[in-house]
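Colleague: Got input12.txt for you, compact mmCIF, C-alpha atoms:
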```txt
# COMPACT_ATOMS: atom_id res chain seq x y z
CA MET A 1 16.37 -16.40 39.81
CA LYS A 2 16.82 -14.13 36.79
CA LYS A 3 13.62 -12.51 35.62
CA THR A 4 12.46 -13.53 32.15
CA THR A 5 10.18 -11.45 29.96
CA LEU A 6 8.20 -12.04 26.79
CA PHE A 7 9.90 -9.16 25.04
CA PRO A 8 13.69 -8.71 25.16
CA GLY A 9 14.97 -5.27 26.13
CA GLU A 10 12.29 -4.51 28.73
CA GLU A 11 14.78 -2.63 30.89
CA THR A 12 15.86 -0.44 27.96
CA VAL A 13 12.36 0.53 26.92
CA GLY A 14 11.48 1.20 30.54
CA ARG A 15 14.09 3.94 30.64
CA TYR A 16 12.05 5.88 28.08
CA GLY A 17 8.57 4.97 29.37
CA LEU A 18 7.87 2.69 26.41
CA GLN A 19 6.43 -0.37 28.12
CA ALA A 20 3.62 -1.18 25.70
CA ASP A 21 0.66 -3.28 26.85
CA PRO A 22 0.71 -6.44 24.68
CA GLY A 23 -2.75 -7.49 25.84
CA ALA A 24 -4.38 -4.20 24.90
CA LEU A 25 -2.52 -4.09 21.60
CA LEU A 26 -3.66 -7.61 20.74
CA GLU A 27 -7.25 -6.83 21.70
CA ASP A 28 -7.35 -3.79 19.43
CA PHE A 29 -5.73 -5.66 16.56
CA LEU A 30 -8.17 -8.58 16.77
CA THR A 31 -11.09 -6.14 16.87
CA LEU A 32 -9.85 -4.33 13.78
CA VAL A 33 -9.14 -7.35 11.58
CA GLN A 34 -12.68 -8.61 12.16
CA MET A 35 -14.09 -5.41 10.63
CA ASP A 36 -14.43 -5.78 6.87
CA SER A 37 -12.89 -2.77 5.12
CA PRO A 38 -12.26 -3.37 1.42
CA SER A 39 -11.26 -0.28 -0.53
CA GLY A 40 -14.11 2.20 -0.55
CA LYS A 41 -15.87 0.62 2.43
CA GLU A 42 -13.73 1.76 5.35
CA GLY A 43 -16.56 3.47 7.26
CA GLU A 44 -16.65 1.15 10.27
CA VAL A 45 -12.87 1.16 10.69
CA ALA A 46 -12.74 4.95 10.32
CA ALA A 47 -15.39 5.38 13.05
CA TRP A 48 -13.46 3.05 15.37
CA CYS A 49 -10.18 4.89 14.72
CA ARG A 50 -11.80 8.25 15.31
CA GLU A 51 -13.19 7.08 18.64
CA LYS A 52 -9.77 5.79 19.73
CA LEU A 53 -8.01 9.01 18.73
CA GLU A 54 -10.58 11.20 20.47
CA GLU A 55 -10.25 9.08 23.62
CA LEU A 56 -6.62 10.20 23.61
CA GLY A 57 -7.70 13.82 23.30
CA ILE A 58 -6.67 14.08 19.65
CA ARG A 59 -8.74 16.39 17.45
CA CYS A 60 -9.97 14.65 14.28
CA VAL A 61 -11.44 15.65 10.93
CA THR A 62 -12.48 13.65 7.88
CA ASP A 63 -11.59 15.10 4.49
CA ARG A 64 -13.66 15.02 1.28
CA THR A 65 -11.86 12.07 -0.27
CA GLY A 66 -14.87 9.81 0.22
CA GLU A 67 -17.04 12.14 -1.85
CA LEU A 68 -14.39 12.49 -4.55
CA LEU A 69 -13.74 8.75 -4.84
CA GLY A 70 -17.24 7.49 -4.15
CA GLY A 71 -16.38 5.71 -0.90
CA GLU A 72 -18.06 5.39 2.48
CA THR A 73 -15.64 7.81 4.14
CA GLY A 74 -12.70 10.05 3.49
CA ASN A 75 -9.24 10.03 4.99
CA LEU A 76 -9.18 10.49 8.76
CA HIS A 77 -6.84 13.21 10.03
CA GLY A 78 -5.80 13.67 13.65
CA PHE A 79 -3.77 16.54 15.09
CA LEU A 80 -1.79 16.37 18.34
CA PRO A 81 0.01 19.60 19.33
CA GLY A 82 3.64 19.13 20.29
CA THR A 83 5.44 20.21 23.43
CA LYS A 84 8.21 22.00 21.57
CA GLY A 85 8.53 24.21 18.54
CA GLY A 86 9.70 23.09 15.13
CA PRO A 87 8.33 21.17 12.17
CA SER A 88 5.54 18.60 12.44
CA LEU A 89 5.72 14.85 11.76
CA LEU A 90 3.16 12.81 9.82
CA LEU A 91 2.28 9.30 11.06
CA SER A 92 0.24 7.30 8.58
CA ALA A 93 -1.34 3.91 7.85
CA HIS A 94 -4.17 2.86 5.55
CA MET A 95 -7.58 1.60 6.67
CA ASP A 96 -8.52 -0.56 3.69
CA THR A 97 -7.57 -4.15 2.95
CA VAL A 98 -7.64 -6.30 -0.16
CA SER A 99 -11.19 -7.42 -0.89
CA GLU A 100 -10.38 -11.05 -0.02
CA ALA A 101 -9.80 -10.09 3.64
CA ALA A 102 -13.52 -10.30 4.47
CA GLY A 103 -15.03 -12.37 7.25
CA VAL A 104 -11.62 -12.78 8.89
CA ARG A 105 -11.51 -15.30 11.74
CA PRO A 106 -8.20 -14.68 13.50
CA LEU A 107 -6.29 -17.33 15.42
CA VAL A 108 -3.57 -16.70 18.01
CA GLU A 109 -0.98 -19.43 18.43
CA LYS A 110 2.14 -18.93 20.54
CA GLY A 111 2.18 -15.19 20.01
CA CYS A 112 1.52 -15.40 16.24
CA ILE A 113 -1.73 -14.12 14.76
CA ARG A 114 -3.06 -15.55 11.51
CA SER A 115 -6.44 -16.16 9.91
CA ASP A 116 -8.11 -19.56 9.84
CA GLY A 117 -6.67 -19.99 6.33
CA SER A 118 -9.81 -19.05 4.39
CA THR A 119 -8.89 -15.36 4.02
CA PRO A 120 -5.92 -13.01 4.35
CA LEU A 121 -5.51 -11.66 7.88
CA GLY A 122 -5.67 -7.94 7.08
CA ALA A 123 -2.51 -7.08 9.02
CA ASP A 124 -1.83 -4.98 5.92
CA ASP A 125 -2.45 -2.43 7.18
CA LYS A 126 -4.44 -2.75 10.38
CA SER A 127 -1.23 -3.57 12.21
CA GLY A 128 0.00 -0.11 11.16
CA ILE A 129 -3.09 1.54 12.64
CA VAL A 130 -2.71 -0.29 15.96
CA VAL A 131 1.01 0.49 16.19
CA ILE A 132 0.36 4.22 15.68
CA LEU A 133 -2.46 4.30 18.24
CA HIS A 134 -0.44 2.55 20.91
CA ALA A 135 2.67 4.62 20.20
CA LEU A 136 0.54 7.74 20.75
CA ARG A 137 -0.70 6.27 24.01
CA LEU A 138 2.87 5.73 25.20
CA LEU A 139 3.87 9.28 24.26
CA LEU A 140 0.90 10.83 26.03
CA HIS A 141 1.52 8.84 29.20
CA ARG A 142 5.10 10.12 29.41
CA PRO A 143 5.27 13.90 29.08
CA GLY A 144 8.34 15.13 27.28
CA PRO A 145 9.50 17.09 24.23
CA ARG A 146 7.82 16.02 21.03
CA PRO A 147 6.96 17.68 17.71
CA ASP A 148 3.46 18.44 16.47
CA LEU A 149 1.98 15.20 15.15
CA HIS A 150 -0.34 14.85 12.18
CA ILE A 151 -1.99 11.41 12.13
CA LEU A 152 -3.42 10.28 8.79
CA PHE A 153 -5.38 7.07 8.24
CA THR A 154 -6.01 6.81 4.49
CA VAL A 155 -8.64 5.08 2.36
CA GLN A 156 -8.33 3.10 -0.88
CA GLU A 157 -4.59 2.46 -0.72
CA GLU A 158 -4.92 -1.04 -2.15
CA THR A 159 -6.55 0.22 -5.36
CA GLY A 160 -3.85 2.67 -6.42
CA LEU A 161 -2.98 4.80 -3.37
CA LYS A 162 -6.09 6.85 -4.16
CA GLY A 163 -6.71 8.14 -0.65
CA ALA A 164 -3.19 9.47 -0.22
CA ARG A 165 -3.27 11.05 -3.66
CA ALA A 166 -6.46 12.94 -2.78
CA ALA A 167 -5.53 13.75 0.82
CA GLU A 168 -5.88 17.35 1.91
CA PHE A 169 -2.91 18.75 3.84
CA PRO A 170 -2.68 22.03 5.73
CA LYS A 171 -0.75 24.85 4.08
CA ARG A 172 2.24 24.06 6.25
CA LYS A 173 3.03 20.49 5.25
CA PRO A 174 4.65 18.06 7.69
CA ALA A 175 8.43 18.08 7.52
CA GLY A 176 8.57 14.29 7.41
CA ALA A 177 6.35 11.20 7.28
CA LEU A 178 6.60 7.75 8.85
CA VAL A 179 4.29 5.25 7.16
CA LEU A 180 3.60 2.05 9.11
CA ASP A 181 3.12 -0.38 6.23
CA GLY A 182 6.18 -2.58 5.96
CA GLY A 183 7.31 -6.08 6.84
CA SER A 184 10.29 -6.64 9.10
CA VAL A 185 10.53 -4.35 12.13
CA ASP A 186 14.29 -4.25 11.60
CA ARG A 187 14.05 -2.87 8.05
CA LEU A 188 13.66 0.77 7.16
CA ILE A 189 12.27 1.27 3.66
CA HIS A 190 13.73 4.40 2.10
CA LYS A 191 13.29 3.43 -1.55
CA ALA A 192 10.26 2.09 -3.38
CA PRO A 193 9.52 1.91 -7.10
CA ALA A 194 7.50 4.18 -9.34
CA LYS A 195 4.53 2.52 -11.01
CA ASN A 196 2.63 2.90 -14.29
CA SER A 197 -0.70 1.31 -15.02
CA PHE A 198 -1.56 0.24 -18.56
CA GLN A 199 -4.72 -0.62 -20.42
CA PHE A 200 -4.71 -1.98 -23.98
CA HIS A 201 -8.10 -2.19 -25.65
CA PHE A 202 -8.04 -4.45 -28.71
CA ARG A 203 -10.87 -3.92 -31.20
CA GLY A 204 -11.61 -6.49 -33.88
CA LYS A 205 -14.46 -7.26 -36.24
CA GLU A 206 -17.50 -9.29 -35.34
CA ALA A 207 -18.48 -12.36 -37.37
CA HIS A 208 -20.50 -15.54 -36.93
CA LEU A 209 -18.25 -18.05 -35.21
CA THR A 210 -19.19 -21.14 -37.22
CA ARG A 211 -20.48 -19.81 -40.55
CA GLU A 212 -17.88 -17.15 -41.37
CA PRO A 213 -15.10 -16.88 -38.74
CA GLU A 214 -12.65 -15.93 -41.51
CA PHE A 215 -14.54 -12.62 -41.88
CA GLY A 216 -13.91 -11.70 -38.27
CA LEU A 217 -10.97 -10.19 -36.42
CA ASN A 218 -10.65 -11.92 -33.05
CA ALA A 219 -9.80 -9.39 -30.34
CA VAL A 220 -9.08 -12.10 -27.76
CA GLU A 221 -6.61 -13.79 -30.08
CA MET A 222 -4.78 -10.49 -30.57
CA ALA A 223 -4.73 -9.84 -26.85
CA ALA A 224 -3.40 -13.33 -26.17
CA GLN A 225 -0.59 -12.87 -28.71
CA ALA A 226 0.29 -9.54 -27.13
CA VAL A 227 0.37 -10.91 -23.58
CA ALA A 228 2.49 -13.87 -24.66
CA ALA A 229 5.08 -11.46 -26.07
CA MET A 230 5.08 -9.03 -23.14
CA PRO A 231 7.98 -8.85 -20.67
CA LEU A 232 6.23 -9.92 -17.45
CA GLY A 233 7.18 -10.97 -13.95
CA ARG A 234 10.62 -10.14 -12.57
CA ILE A 235 12.36 -8.07 -15.24
CA ASP A 236 15.44 -7.29 -13.13
CA ALA A 237 16.27 -6.73 -9.47
CA LEU A 238 14.47 -3.38 -9.49
CA THR A 239 11.65 -3.93 -11.98
CA THR A 240 8.46 -6.00 -12.27
CA ALA A 241 5.54 -6.08 -14.71
CA ASN A 242 2.17 -7.78 -14.40
CA VAL A 243 -1.04 -8.37 -16.34
CA SER A 244 -3.82 -8.20 -13.75
CA SER A 245 -6.94 -8.71 -15.85
CA ILE A 246 -8.18 -9.67 -19.31
CA ARG A 247 -11.85 -9.22 -20.23
CA SER A 248 -13.66 -9.56 -23.53
CA SER A 249 -17.04 -8.94 -25.10
CA GLY A 250 -18.72 -10.05 -28.28
CA GLY A 251 -21.38 -12.53 -27.30
CA ALA A 252 -21.63 -16.30 -27.55
CA GLY A 253 -21.32 -17.76 -31.02
CA LYS A 254 -19.49 -14.71 -32.36
CA VAL A 255 -15.91 -13.77 -32.99
CA PRO A 256 -15.11 -11.53 -29.98
CA VAL A 257 -14.87 -7.92 -31.10
CA SER A 258 -13.39 -6.38 -27.96
CA CYS A 259 -10.77 -7.37 -25.40
CA VAL A 260 -9.16 -5.25 -22.68
CA VAL A 261 -5.81 -6.10 -21.07
CA GLU A 262 -4.86 -4.28 -17.87
CA GLY A 263 -1.81 -4.36 -15.63
CA GLU A 264 1.03 -2.41 -14.13
CA VAL A 265 4.79 -2.05 -14.32
CA SER A 266 7.02 -0.73 -11.55
CA SER A 267 10.70 0.07 -11.22
CA LEU A 268 13.11 1.97 -9.02
CA GLU A 269 14.85 3.20 -12.18
CA LYS A 270 12.98 5.82 -14.21
CA LYS A 271 14.62 4.88 -17.52
CA THR A 272 13.87 1.19 -16.99
CA LEU A 273 10.26 1.99 -16.16
CA GLU A 274 9.93 3.94 -19.40
CA ARG A 275 11.66 1.21 -21.44
CA VAL A 276 9.57 -1.67 -20.10
CA THR A 277 6.36 0.33 -20.45
CA HIS A 278 7.28 0.99 -24.10
CA ASP A 279 8.08 -2.72 -24.62
CA LEU A 280 4.59 -3.61 -23.36
CA TYR A 281 3.09 -1.15 -25.82
CA LYS A 282 5.22 -2.54 -28.68
CA ALA A 283 3.98 -6.05 -27.93
CA ALA A 284 0.39 -4.82 -28.09
CA MET A 285 1.00 -3.02 -31.38
CA ALA A 286 2.76 -6.00 -32.92
CA ALA A 287 -0.28 -8.19 -32.21
CA ILE A 288 -2.51 -6.17 -34.54
CA GLN A 289 0.00 -5.66 -37.33
CA GLY A 290 -0.74 -7.36 -40.67
CA ARG A 291 -4.29 -8.39 -39.75
CA ARG A 292 -7.09 -7.40 -42.12
CA VAL A 293 -10.30 -8.65 -43.64
CA VAL A 294 -11.66 -7.67 -47.06
CA LEU A 295 -15.42 -7.94 -47.36
CA GLY A 296 -17.64 -6.41 -50.02
CA GLY A 297 -14.83 -4.28 -51.35
CA ARG A 298 -14.15 -2.84 -47.91
CA THR A 299 -11.00 -3.47 -45.88
CA TRP A 300 -11.29 -3.96 -42.12
CA LYS A 301 -8.31 -3.60 -39.80
CA PRO A 302 -8.07 -4.10 -36.03
CA GLY A 303 -7.69 -1.20 -33.66
CA LEU A 304 -5.79 -0.59 -30.44
CA GLU A 305 -6.52 2.00 -27.78
CA ALA A 306 -3.66 2.34 -25.30
CA ARG A 307 -3.88 4.18 -22.01
CA ILE A 308 -0.81 4.46 -19.79
CA GLU A 309 -1.10 6.32 -16.50
CA PRO A 310 1.62 7.10 -13.94
CA LEU A 311 0.22 5.88 -10.62
CA HIS A 312 2.96 7.18 -8.39
CA PRO A 313 6.61 8.22 -8.59
CA ALA A 314 9.48 6.49 -6.84
CA LEU A 315 10.33 6.95 -3.19
CA ASP A 316 14.02 7.69 -2.77
CA LEU A 317 15.24 9.25 0.48
CA PRO A 318 19.05 9.50 0.74
CA PRO A 319 20.71 7.59 3.62
CA SER A 320 22.07 10.85 5.04
CA HIS A 321 18.62 12.41 5.48
CA PRO A 322 17.91 13.60 9.06
CA LEU A 323 14.76 11.47 9.27
CA ILE A 324 16.74 8.31 8.57
CA LEU A 325 19.39 9.33 11.08
CA ALA A 326 16.68 9.92 13.70
CA VAL A 327 15.24 6.43 13.20
CA LYS A 328 18.69 4.90 13.46
CA GLU A 329 19.39 6.87 16.64
CA ALA A 330 16.06 5.77 18.13
CA ALA A 331 16.72 2.12 17.30
CA LEU A 332 20.25 2.28 18.72
CA SER A 333 18.96 3.75 21.98
CA LEU A 334 16.71 0.70 22.29
CA GLY A 335 19.62 -1.64 21.70
CA ARG A 336 18.57 -2.43 18.15
CA GLY A 337 19.65 -1.71 14.61
CA VAL A 338 17.74 -1.03 11.42
CA GLN A 339 18.74 -1.96 7.89
CA LEU A 340 18.01 0.37 4.98
CA TYR A 341 15.95 -1.45 2.41
CA ALA A 342 14.58 -0.88 -1.10
CA ALA A 343 11.06 -2.28 -1.40
CA SER A 344 9.68 -3.98 -4.49
CA GLY A 345 6.30 -2.26 -4.24
CA GLY A 346 5.00 1.22 -3.56
CA CYS A 347 2.71 2.54 -0.84
CA ASP A 348 1.33 5.84 0.46
CA ALA A 349 4.88 6.94 1.29
CA ASN A 350 5.55 7.28 -2.46
CA VAL A 351 2.70 9.76 -2.75
CA PHE A 352 3.76 11.80 0.28
CA PHE A 353 7.32 11.92 -1.03
CA ALA A 354 6.10 13.17 -4.41
CA ARG A 355 4.14 15.88 -2.60
CA GLY A 356 7.32 17.20 -1.04
CA ILE A 357 7.24 15.35 2.30
CA PRO A 358 10.36 13.27 3.09
CA SER A 359 8.97 9.82 3.85
CA LEU A 360 10.01 6.44 5.22
CA VAL A 361 8.22 3.14 5.71
CA LEU A 362 8.54 1.39 9.07
CA GLY A 363 7.76 -2.30 9.39
CA THR A 364 5.13 -3.74 11.72
CA GLY A 365 6.17 -7.37 11.31
CA MET A 366 3.51 -8.45 8.80
CA ALA A 367 4.46 -11.43 6.66
CA LEU A 368 2.94 -12.83 3.44
CA PRO A 369 0.35 -10.02 3.08
CA HIS A 370 -2.58 -10.42 0.67
CA THR A 371 -2.45 -14.21 1.04
CA SER A 372 -4.31 -16.71 3.20
CA GLN A 373 -0.97 -17.40 4.94
CA GLU A 374 -0.63 -13.78 6.11
CA ASN A 375 0.55 -13.57 9.71
CA ILE A 376 2.14 -11.29 12.28
CA ARG A 377 3.79 -11.79 15.65
CA LEU A 378 2.53 -9.83 18.63
CA GLU A 379 6.14 -9.28 19.72
CA ASP A 380 6.89 -7.52 16.44
CA MET A 381 3.92 -5.16 16.81
CA VAL A 382 5.09 -4.32 20.32
CA ARG A 383 8.62 -3.64 19.08
CA ALA A 384 7.29 -1.49 16.22
CA THR A 385 5.19 0.50 18.71
CA GLN A 386 8.19 1.13 20.93
CA LEU A 387 10.41 2.15 18.02
CA LEU A 388 7.84 4.55 16.59
CA ALA A 389 7.32 6.24 19.94
CA ARG A 390 11.07 6.49 20.49
CA VAL A 391 11.57 8.10 17.06
CA VAL A 392 9.07 10.80 18.01
CA GLN A 393 10.95 11.33 21.27
CA VAL A 394 14.26 11.67 19.42
CA LEU A 395 13.06 14.15 16.80
```
Can you present the structure in this file as structure tokens?

Modeller:
Amino acid sequence: MKKTTLFPGEETVGRYGLQADPGALLEDFLTLVQMDSPSGKEGEVAAWCREKLEELGIRCVTDRTGELLGGETGNLHGFLPGTKGGPSLLLSAHMDTVSEAAGVRPLVEKGCIRSDGSTPLGADDKSGIVVILHALRLLLHRPGPRPDLHILFTVQEETGLKGARAAEFPKRKPAGALVLDGGSVDRLIHKAPAKNSFQFHFRGKEAHLTREPEFGLNAVEMAAQAVAAMPLGRIDALTTANVSSIRSSGGAGKVPVSCVVEGEVSSLEKKTLERVTHDLYKAAMAAIQGRRVVLGGRTWKPGLEARIEPLHPALDLPPSHPLILAVKEAALSLGRGVQLYAASGGCDANVFFARGIPSLVLGTGMALPHTSQENIRLEDMVRATQLLARVVQVL
């Protein structure tokens, strides 16, 4: 009778010593997702990761990012010397999750892991951490040529890639980076958009809400008019814009004197990013135009404070880059293929790329991240582990 296996291609991966242990991988993943780690509170996860890396004989250090950003811990760096000369390779994932992924109760059904539906699962990006750890285990159990490896588990990715932006690198930067933070295992993200954040602070004039509202300038009303006129959602195939929060102050029974609108805009095209960002600003400016109140011989006009900050540049690695060719070669040797893909959102890879490190994003199989329907298949994490280890072997 022909032997059947849970994971197709067992014979192929066996040729390279890449038979991952699904049970151990699942155990580690379930342990991790049950550790709460919202941005800034990654201490428990960092300690667990450090213990796992040191069990593999990997030297670890924690940088000062925690002090700089006011978090429990900094980025965790691990260094594994290679068995051949040449440039080093960075392997990275982030330790934080969205704040809603707290108190996760994971369920495993027919090889698929999800939460009980009350929270996101936290596969973004704890699946990336587990894939890296188990790929390292495979590489260490099969001696062979490999480059120096720099492992980096970052903090505060979900709140603006802050950990990666503050990460401390050695003088000799890695020659390439593979970030485990994508969806499909068969997609290779080589492009991701640049992003700007915006904050528009509308300032009005306070007045009693029932006795003299006509003597006030309502900041919330101005903000609402601005938001209604803003280009939001899907702008085009490469561009999105979003208002993430609106908050006001002024007190009950008064015309609100202050309202702050915050959001972000991202695009793979620099000119489009600049144009849409300017359109958002124009909508905010238009909302205060022509408004004024004259009281006691004095004229009052509304004010607008605008703050626009580039969060990260675009990721754009050409298809002919050696790192892309190495991933394709590794996938082909495992009887697979990978499709180049342009993502709709950025991640730590954008920051590494901007810092002069050619970067790619490999998928772990996570689906519907940040939602209560988030899920991941164990088979996909195994396949991602095997591919990552094979890429290191190929380089």

Colleague: Could you give me, as a VMD selection string, the residues that sit within 8 Å of (-6.2, -3.5, 7.3) in the file's coordinates, counting all atoms listed in the file?

Modeller: chain A and resid 32 to 33 37 94 to 97 122 to 127 129

Colleague: Have a look at A:Gly70, A:Gly86, A:Pro213, A:Gly14 and name the one nearest to Lys254 of chain A; count all atoms listed in the file.

Modeller: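 Result for the nearest residue to Lys254 of chain A: A:Pro213.
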
Colleague: Provide the atom CA of Pro358 of chain A to atom CA of Leu273 of chain A distance in Å, to one decimal place.

Modeller: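 Atom CA of Leu273 of chain A lies 22.3 Å from atom CA of Pro358 of chain A.
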
Colleague: What would the list of residues within 7 Å of (-7.6, 16.7, 5.0) (file frame) look like as a PDB file with C-alpha atoms, in the coordinates of the input, if only C-alpha atoms are what count?

Modeller:
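Output saved as result.pdb:
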```pdb
ATOM      1  CA  THR A  62     -12.480  13.650   7.880  1.00  0.00           C
ATOM      2  CA  ASP A  63     -11.590  15.100   4.490  1.00  0.00           C
ATOM      3  CA  ASN A  75      -9.240  10.030   4.990  1.00  0.00           C
ATOM      4  CA  HIS A  77      -6.840  13.210  10.030  1.00  0.00           C
ATOM      5  CA  ALA A 167      -5.530  13.750   0.820  1.00  0.00           C
ATOM      6  CA  GLU A 168      -5.880  17.350   1.910  1.00  0.00           C
ATOM      7  CA  PHE A 169      -2.910  18.750   3.840  1.00  0.00           C
TER       8      PHE A 169
END
```

Colleague: Could you name the residues that touch Arg146 of chain A at 8 Å or less, counting only C-alpha atoms, but leaving out those on the same chain fewer than 3 positions away, as a count of residues only?

Modeller: 7

Colleague: Pick from A:Ala20, A:Val130, A:Leu91, A:Met230: nearest to His278 of chain A, with only C-alpha atoms counted?

Modeller: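 Of the candidates, the smallest distance to His278 of chain A is held by A:Met230.
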
Colleague: Could you tell me which of A:Ser99, A:Gln386, A:Ser115, A:Ser344 comes closest to Ala194 of chain A if we count all atoms listed in the file?

Modeller: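 So, comparing all the options, the nearest one is A:Ser344.
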
Colleague: Could you list, as number ranges by chain, every residue within 12 Å of Gly356 of chain A, counting only C-alpha atoms and ignoring same-chain residues fewer than 5 positions away?

Modeller: A: 169, 172-177, 313, 315-317, 349-351

Colleague: Output C-alpha atoms for every residue in the selection just made, as a PDB file, keeping the file's coordinate frame.

Modeller:
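So part12.pdb came out as:
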```pdb
ATOM      1  CA  PHE A 169      -2.910  18.750   3.840  1.00  0.00           C
ATOM      2  CA  ARG A 172       2.240  24.060   6.250  1.00  0.00           C
ATOM      3  CA  LYS A 173       3.030  20.490   5.250  1.00  0.00           C
ATOM      4  CA  PRO A 174       4.650  18.060   7.690  1.00  0.00           C
ATOM      5  CA  ALA A 175       8.430  18.080   7.520  1.00  0.00           C
ATOM      6  CA  GLY A 176       8.570  14.290   7.410  1.00  0.00           C
ATOM      7  CA  ALA A 177       6.350  11.200   7.280  1.00  0.00           C
ATOM      8  CA  PRO A 313       6.610   8.220  -8.590  1.00  0.00           C
ATOM      9  CA  LEU A 315      10.330   6.950  -3.190  1.00  0.00           C
ATOM     10  CA  ASP A 316      14.020   7.690  -2.770  1.00  0.00           C
ATOM     11  CA  LEU A 317      15.240   9.250   0.480  1.00  0.00           C
ATOM     12  CA  ALA A 349       4.880   6.940   1.290  1.00  0.00           C
ATOM     13  CA  ASN A 350       5.550   7.280  -2.460  1.00  0.00           C
ATOM     14  CA  VAL A 351       2.700   9.760  -2.750  1.00  0.00           C
TER      15      VAL A 351
END
```

Colleague: Would you please work out which residue, of A:Ala326, A:Leu68, A:Val220, A:Ile376, is nearest to Pro302 of chain A when using only C-alpha atoms?

Modeller: A:Val220

Colleague: Env of Pro81 of chain A: 7 Å cut, atoms = only C-alpha atoms, seq-sep filter 2 positions within chain, self excluded. Answer as a ChimeraX atom specification.

Modeller: /A:79,83,148-149

Colleague: Give me, as JSON, numbers by chain, all polymer residues having an atom no more than 9 Å from Gly204 of chain A, counting all atoms listed in the file and skipping those fewer than 2 positions away in the same chain.

Modeller: {"A": [202, 206, 216, 217, 218, 219, 220, 222, 255, 256, 257, 258, 259, 300, 301, 302, 303, 304]}

Colleague: Set out as a tab-separated table a contact list for segment 327-388 of chain A and segment 133-144 of chain A with a cut-off of 9 Å, giving each residue of segment 327-388 of chain A that qualifies its closest atom pair and distance in Å to one decimal, counting only C-alpha atoms, ordered by chain and rising residue number.

Modeller:
```
residue	atom	partner	partner_atom	distance
A:Val382	CA	A:His134	CA	8.8
A:Ala384	CA	A:Ala135	CA	8.6
A:Thr385	CA	A:Ala135	CA	5.1
A:Gln386	CA	A:Ala135	CA	6.6
A:Leu387	CA	A:Ala135	CA	8.4
A:Leu388	CA	A:Ala135	CA	6.3
```

Colleague: Take segment 155-167 of chain A, model N, CA and C atoms, and hand the result over as a CSV table (one decimal), keeping the file's coordinate frame.

Modeller:
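File written: out.csv
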```csv
chain,number,residue,atom,x,y,z
A,155,VAL,N,-7.7,6.0,3.0
A,155,VAL,CA,-8.6,5.1,2.4
A,155,VAL,C,-8.1,4.7,1.0
A,156,GLN,N,-8.6,3.6,0.5
A,156,GLN,CA,-8.3,3.1,-0.9
A,156,GLN,C,-6.9,3.1,-1.3
A,157,GLU,N,-6.0,2.6,-0.4
A,157,GLU,CA,-4.6,2.5,-0.7
A,157,GLU,C,-4.4,1.3,-1.6
A,158,GLU,N,-5.1,0.2,-1.4
A,158,GLU,CA,-4.9,-1.0,-2.2
A,158,GLU,C,-5.3,-0.9,-3.6
A,159,THR,N,-6.1,0.1,-4.0
A,159,THR,CA,-6.6,0.2,-5.4
A,159,THR,C,-5.9,1.4,-6.1
A,160,GLY,N,-4.6,1.7,-5.7
A,160,GLY,CA,-3.8,2.7,-6.4
A,160,GLY,C,-3.5,3.9,-5.6
A,161,LEU,N,-3.4,3.7,-4.3
A,161,LEU,CA,-3.0,4.8,-3.4
A,161,LEU,C,-3.9,6.0,-3.5
A,162,LYS,N,-5.2,5.8,-3.8
A,162,LYS,CA,-6.1,6.8,-4.2
A,162,LYS,C,-6.3,7.8,-3.0
A,163,GLY,N,-6.5,7.3,-1.8
A,163,GLY,CA,-6.7,8.1,-0.6
A,163,GLY,C,-5.6,9.1,-0.4
A,164,ALA,N,-4.4,8.6,-0.4
A,164,ALA,CA,-3.2,9.5,-0.2
A,164,ALA,C,-3.1,10.5,-1.3
A,165,ARG,N,-3.4,10.1,-2.5
A,165,ARG,CA,-3.3,11.0,-3.7
A,165,ARG,C,-4.3,12.2,-3.5
A,166,ALA,N,-5.4,11.9,-2.9
A,166,ALA,CA,-6.5,12.9,-2.8
A,166,ALA,C,-6.4,13.6,-1.4
A,167,ALA,N,-5.5,13.2,-0.5
A,167,ALA,CA,-5.5,13.8,0.8
A,167,ALA,C,-5.3,15.3,0.8
```
